$ cat entry-v9.txt   # compact mmCIF, C-alpha atoms
# COMPACT_ATOMS: atom_id res chain seq x y z
CA MET T 13 0.00 0.00 0.00
CA SER T 14 1.51 3.30 -1.10
CA VAL T 15 1.20 6.61 0.75
CA ARG T 16 1.25 10.17 -0.62
CA VAL T 17 1.31 13.15 1.74
CA LEU T 18 0.95 16.33 -0.30
CA ASP T 19 1.72 19.79 1.17
CA VAL T 20 0.15 18.87 4.50
CA TRP T 21 -0.29 21.38 7.30
CA LYS T 22 -1.73 20.63 10.71
CA GLU T 23 -2.71 23.31 13.20
CA TYR T 24 -3.98 22.60 16.70
CA VAL T 25 -6.08 25.34 18.33
CA MET T 26 -6.74 25.49 22.07
CA GLY T 27 -8.65 28.58 23.08
CA THR T 28 -6.69 31.55 21.80
CA THR T 29 -3.49 29.54 21.31
CA SER T 30 -2.61 27.77 18.08
CA THR T 31 0.29 25.44 17.31
CA LEU T 32 1.50 24.39 13.89
CA ALA T 33 2.53 20.74 14.18
CA LEU T 34 3.18 20.22 10.46
CA ARG T 35 4.21 22.88 7.96
CA GLY T 36 3.84 21.84 4.33
CA VAL T 37 5.01 18.22 4.59
CA THR T 38 5.26 16.28 1.33
CA LEU T 39 6.21 12.60 1.49
CA GLU T 40 5.77 9.48 -0.61
CA VAL T 41 6.10 5.90 0.63
CA ARG T 42 6.15 3.02 -1.84
CA ALA T 43 4.03 -0.08 -1.32
CA GLY T 44 6.01 -2.58 0.75
CA GLU T 45 8.56 -0.02 1.96
CA PHE T 46 9.95 0.11 5.52
CA VAL T 47 10.25 3.75 6.57
CA ALA T 48 11.38 5.44 9.79
CA ILE T 49 10.14 8.94 10.63
CA THR T 50 12.79 10.47 12.88
CA GLY T 51 13.28 13.77 14.66
CA PRO T 52 13.27 15.34 18.12
CA SER T 53 10.24 15.52 20.39
CA GLY T 54 7.73 18.01 19.06
CA SER T 55 8.90 17.68 15.46
CA GLY T 56 5.52 16.40 14.23
CA LYS T 57 6.29 12.66 13.96
CA SER T 58 3.20 11.43 15.80
CA THR T 59 0.95 13.93 14.05
CA LEU T 60 2.12 12.66 10.68
CA THR T 61 1.38 9.04 11.60
CA TYR T 62 -2.10 9.99 12.83
CA LEU T 63 -2.84 11.60 9.46
CA ILE T 64 -1.49 8.63 7.48
CA SER T 65 -3.62 6.30 9.63
CA ALA T 66 -6.71 8.47 9.18
CA LEU T 67 -6.97 9.00 12.93
CA ASP T 68 -6.97 12.72 12.16
CA VAL T 69 -7.23 15.01 9.14
CA PRO T 70 -4.92 17.83 8.02
CA THR T 71 -5.77 21.48 8.30
CA LYS T 72 -4.60 21.87 4.72
CA GLY T 73 -3.20 19.50 2.12
CA LYS T 74 -4.02 15.93 1.12
CA VAL T 75 -3.25 12.42 2.40
CA GLU T 76 -3.74 9.64 -0.14
CA VAL T 77 -3.27 5.96 0.69
CA ASP T 78 -3.34 3.46 -2.15
CA GLY T 79 -5.50 5.78 -4.24
CA THR T 80 -7.96 6.67 -1.47
CA VAL T 81 -7.86 10.29 -0.33
CA VAL T 82 -8.36 9.48 3.34
CA SER T 83 -8.14 13.14 4.36
CA GLU T 84 -11.44 13.77 2.55
CA LEU T 85 -13.38 10.97 4.25
CA ASN T 86 -15.79 11.71 7.07
CA GLU T 87 -15.18 10.28 10.53
CA GLY T 88 -17.30 7.17 9.99
CA GLN T 89 -15.73 6.45 6.62
CA ARG T 90 -12.23 6.89 8.04
CA SER T 91 -13.00 4.49 10.88
CA ALA T 92 -14.29 1.82 8.49
CA TRP T 93 -11.33 2.32 6.14
CA ARG T 94 -8.86 2.10 9.03
CA ARG T 95 -10.33 -1.17 10.33
CA ARG T 96 -9.86 -2.76 6.91
CA ASN T 97 -6.46 -1.39 6.02
CA VAL T 98 -4.32 -0.18 8.94
CA GLY T 99 -2.61 -1.99 11.81
CA MET T 100 -1.77 0.52 14.55
CA ILE T 101 0.91 0.08 17.21
CA PHE T 102 1.20 2.69 19.97
CA GLN T 103 3.88 3.42 22.54
CA PHE T 104 1.44 2.76 25.42
CA PHE T 105 0.36 -0.69 24.07
CA HIS T 106 -3.38 -0.01 24.64
CA LEU T 107 -4.20 -3.64 25.44
CA LEU T 108 -7.58 -4.22 27.07
CA PRO T 109 -6.68 -5.10 30.69
CA THR T 110 -9.63 -7.44 31.27
CA LEU T 111 -8.79 -9.61 28.25
CA THR T 112 -5.98 -12.14 27.91
CA ALA T 113 -3.33 -11.81 25.22
CA LEU T 114 -5.29 -14.26 23.08
CA GLU T 115 -8.58 -12.43 23.64
CA ASN T 116 -7.00 -9.07 22.81
CA VAL T 117 -5.94 -10.40 19.40
CA MET T 118 -9.27 -12.12 18.78
CA PHE T 119 -11.21 -9.00 19.72
CA SER T 120 -9.26 -6.98 17.15
CA MET T 121 -10.18 -9.47 14.44
CA GLU T 122 -13.84 -9.39 15.47
CA LEU T 123 -13.87 -5.59 15.13
CA ALA T 124 -12.36 -5.94 11.65
CA GLY T 125 -15.19 -8.28 10.66
CA ILE T 126 -13.01 -11.36 10.24
CA ARG T 127 -14.89 -14.63 10.46
CA GLY T 128 -13.84 -18.24 11.00
CA ASP T 129 -11.70 -19.90 13.65
CA LEU T 130 -10.43 -16.73 15.33
CA ARG T 131 -8.81 -18.60 18.19
CA SER T 132 -6.52 -20.64 15.93
CA ARG T 133 -5.72 -17.57 13.84
CA ALA T 134 -4.91 -15.51 16.95
CA LEU T 135 -2.63 -18.26 18.25
CA GLU T 136 -0.73 -18.22 14.96
CA PHE T 137 -0.02 -14.50 15.36
CA LEU T 138 0.99 -14.92 18.98
CA ASP T 139 3.34 -17.66 17.81
CA PHE T 140 4.76 -15.23 15.23
CA VAL T 141 5.71 -12.81 18.03
CA GLY T 142 6.98 -15.62 20.26
CA LEU T 143 4.21 -15.54 22.85
CA ARG T 144 2.00 -18.53 22.13
CA GLU T 145 2.80 -20.02 25.53
CA LYS T 146 1.52 -16.82 27.22
CA ALA T 147 -1.73 -16.64 25.28
CA ASN T 148 -3.83 -16.91 28.46
CA ARG T 149 -1.94 -14.28 30.43
CA PHE T 150 -3.51 -10.91 31.17
CA PRO T 151 -1.58 -7.73 30.30
CA PHE T 152 -0.59 -7.12 33.95
CA GLU T 153 1.08 -10.54 33.92
CA LEU T 154 3.29 -9.61 30.97
CA SER T 155 6.41 -7.45 30.78
CA GLY T 156 6.36 -4.23 28.77
CA GLY T 157 8.20 -5.90 25.90
CA GLU T 158 5.74 -8.80 25.90
CA GLN T 159 2.78 -6.43 25.93
CA GLN T 160 4.15 -4.63 22.90
CA ARG T 161 4.64 -7.94 21.10
CA VAL T 162 1.00 -8.77 21.80
CA ALA T 163 0.13 -5.35 20.37
CA ILE T 164 2.07 -6.23 17.21
CA ALA T 165 0.21 -9.54 16.92
CA ARG T 166 -3.04 -7.64 17.32
CA ALA T 167 -2.08 -5.05 14.72
CA ILE T 168 -1.28 -7.60 12.02
CA SER T 169 -4.03 -10.08 12.88
CA MET T 170 -6.59 -8.52 10.51
CA ASP T 171 -4.10 -8.69 7.62
CA PRO T 172 -3.71 -4.92 7.18
CA LYS T 173 -2.04 -3.48 4.10
CA ILE T 174 -0.09 -0.95 6.13
CA VAL T 175 1.32 -1.05 9.67
CA VAL T 176 1.94 2.27 11.44
CA ALA T 177 3.86 2.31 14.72
CA ASP T 178 4.17 5.48 16.79
CA GLU T 179 7.28 5.28 19.03
CA PRO T 180 6.68 1.54 19.58
CA THR T 181 9.83 1.12 21.70
CA ALA T 182 9.61 4.27 23.82
CA PHE T 183 9.26 2.53 27.19
CA LEU T 184 11.31 -0.59 26.57
CA ASP T 185 14.86 -1.57 27.47
CA ARG T 186 17.37 -2.04 24.66
CA GLU T 187 16.92 -5.81 24.41
CA ASN T 188 13.17 -5.50 23.98
CA LYS T 189 13.54 -2.54 21.63
CA LEU T 190 15.62 -4.69 19.30
CA LYS T 191 13.12 -7.56 19.54
CA VAL T 192 10.29 -5.24 18.55
CA MET T 193 12.26 -3.87 15.61
CA GLU T 194 13.13 -7.37 14.40
CA LEU T 195 9.42 -8.19 14.48
CA LEU T 196 8.56 -5.07 12.49
CA ARG T 197 11.21 -6.09 9.96
CA LYS T 198 9.59 -9.52 9.67
CA VAL T 199 6.19 -7.89 9.21
CA ASN T 200 7.65 -5.82 6.39
CA GLU T 201 9.18 -8.94 4.83
CA ARG T 202 5.64 -10.34 4.66
CA GLY T 203 4.90 -7.62 2.13
CA LYS T 204 3.40 -5.02 4.46
CA THR T 205 4.19 -1.32 4.21
CA VAL T 206 5.63 -0.37 7.61
CA ILE T 207 6.03 3.20 8.87
CA PHE T 208 7.33 3.86 12.37
CA THR T 209 8.46 6.88 14.36
CA THR T 210 11.52 7.02 16.58
CA HIS T 211 14.14 9.43 17.89
CA ASP T 212 16.61 6.55 18.31
CA LEU T 213 19.02 6.39 15.37
CA GLU T 214 20.03 2.81 16.21
CA LEU T 215 16.42 1.73 15.72
CA ALA T 216 15.92 3.94 12.67
CA ALA T 217 18.74 2.00 11.00
CA PHE T 218 16.38 -1.00 10.71
CA ALA T 219 14.41 0.88 8.04
CA GLU T 220 15.09 1.06 4.32
CA ARG T 221 14.62 4.82 4.39
CA ARG T 222 14.78 7.44 7.11
CA VAL T 223 12.83 10.69 6.86
CA ARG T 224 13.80 13.40 9.35
CA LEU T 225 11.31 15.98 10.61
CA VAL T 226 12.32 19.20 12.34
CA ASP T 227 9.79 21.81 13.45
CA GLY T 228 7.03 20.18 11.41
CA GLN T 229 8.97 20.11 8.15
CA VAL T 230 10.92 17.47 6.26
CA ALA T 231 14.57 18.30 6.95
CA GLY T 232 16.05 15.51 4.86
CA GLU T 233 16.03 11.79 4.18
CA GLU T 234 18.46 8.98 3.51
CA ARG T 235 18.40 5.35 2.46
CA SER T 236 20.13 2.53 4.25
CA GLY T 237 21.87 -0.52 2.86
CA ARG T 238 18.60 -2.42 3.31
CA ALA T 239 16.95 -0.72 0.33
CA ARG T 240 15.52 -3.27 -2.07
$ encode --input "entry-v9.txt" --output "structure tokens"
Amino acid sequence: MSVRVLDVWKEYVMGTTSTLALRGVTLEVRAGEFVAITGPSGSGKSTLTYLISALDVPTKGKVEVDGTVVSELNEGQRSAWRRRNVGMIFQFFHLLPTLTALENVMFSMELAGIRGDLRSRALEFLDFVGLREKANRFPFELSGGEQQRVAIARAISMDPKIVVADEPTAFLDRENKLKVMELLRKVNERGKTVIFTTHDLELAAFAERRVRLVDGQVAGEERSGRAR
């Protein structure tokens, strides 16, 4: 799934105060590409991922994903499109605390309208992230790294065309950060477009291409030796 961000601006207004999070960002991501969005805190990384995922809309400009101008859809249309096409991974995991790891993954598939043997399918994805043996554990019984791996299983369980991860390693130690990045690489190798944000250059090196944001603008980009 390809992504085109065309001259996108995003302004947040709170009372009499306004903040420009993005200032004329233009970016293209090829279908099947693995891209890191880097930059310091406040550079607009998260805002950009929210727009690509259709969680929000730009103040000005256009966001097009695989031919669909998602920035022109209404809220209900964006929600339906997102359930069918986007796997989201957040820095805070957002697992449902009253559901087990297995149930969290199954619930995601139910919301996406997937039918069939959801339990077996969910177990396959937990196996992919190395957590099949902890399928019946609740989130509070899992480490932070394990919770994020469950979140990855959940994100890819509905077979999305694009996976967007916003600072997915922010609260993890180095060992778990590397595990998460290896999993995202494997997801990409399955043919999924993967876009993730990070301020950690060691983690950004996992990507084929790194796009740097500064003060809401693209400040440059570079390709790594992984480019296909």
$ atom_distance --input "entry-v9.txt" --atom1 "CA of Ala66 (chain T)" --atom2 "CA of Ala163 (chain T)"
19.1 Å
$ residues_around --input "entry-v9.txt" --residues "region 155-157 of chain T" --least-positions-apart "2" --cutoff "9 Å" --atoms "all atoms listed in the file" --output "ChimeraX atom specification"
/T:105,151-153,159-162,181,183-185,187-189,191-192
$ write_last_selection --input "entry-v9.txt" --atoms "C-alpha atoms" --output "compact mmCIF listing (two decimals), keeping the file's coordinate frame"
# COMPACT_ATOMS: atom_id res chain seq x y z
CA PHE T 105 0.36 -0.69 24.07
CA PRO T 151 -1.58 -7.73 30.30
CA PHE T 152 -0.59 -7.12 33.95
CA GLU T 153 1.08 -10.54 33.92
CA GLN T 159 2.78 -6.43 25.93
CA GLN T 160 4.15 -4.63 22.90
CA ARG T 161 4.64 -7.94 21.10
CA VAL T 162 1.00 -8.77 21.80
CA THR T 181 9.83 1.12 21.70
CA PHE T 183 9.26 2.53 27.19
CA LEU T 184 11.31 -0.59 26.57
CA ASP T 185 14.86 -1.57 27.47
CA GLU T 187 16.92 -5.81 24.41
CA ASN T 188 13.17 -5.50 23.98
CA LYS T 189 13.54 -2.54 21.63
CA LYS T 191 13.12 -7.56 19.54
CA VAL T 192 10.29 -5.24 18.55
$ atom_distance --input "entry-v9.txt" --atom1 "CA of Gly232 (chain T)" --atom2 "CA of Glu76 (chain T)"
21.2 Å
$ closest_atom_pairs --input "entry-v9.txt" --of "region 140-178 of chain T" --to "region 203-223 of chain T" --cutoff "9 Å" --atoms "only C-alpha atoms" --output "JSON lines"
{"residue": "T:Asp171", "atom": "CA", "partner": "T:Lys204", "partner_atom": "CA", "distance": 8.9}
{"residue": "T:Pro172", "atom": "CA", "partner": "T:Lys204", "partner_atom": "CA", "distance": 7.6}
{"residue": "T:Lys173", "atom": "CA", "partner": "T:Lys204", "partner_atom": "CA", "distance": 5.7}
{"residue": "T:Ile174", "atom": "CA", "partner": "T:Thr205", "partner_atom": "CA", "distance": 4.7}
{"residue": "T:Val175", "atom": "CA", "partner": "T:Val206", "partner_atom": "CA", "distance": 4.8}
{"residue": "T:Val176", "atom": "CA", "partner": "T:Ile207", "partner_atom": "CA", "distance": 4.9}
{"residue": "T:Ala177", "atom": "CA", "partner": "T:Phe208", "partner_atom": "CA", "distance": 4.5}
{"residue": "T:Asp178", "atom": "CA", "partner": "T:Thr209", "partner_atom": "CA", "distance": 5.1}
$ residues_around --input "entry-v9.txt" --residues "Arg149 (chain T)" --least-positions-apart "2" --cutoff "10 Å" --atoms "only C-alpha atoms" --output "PyMOL selection string"
chain T and resi 111-115+143+145-147+151-154
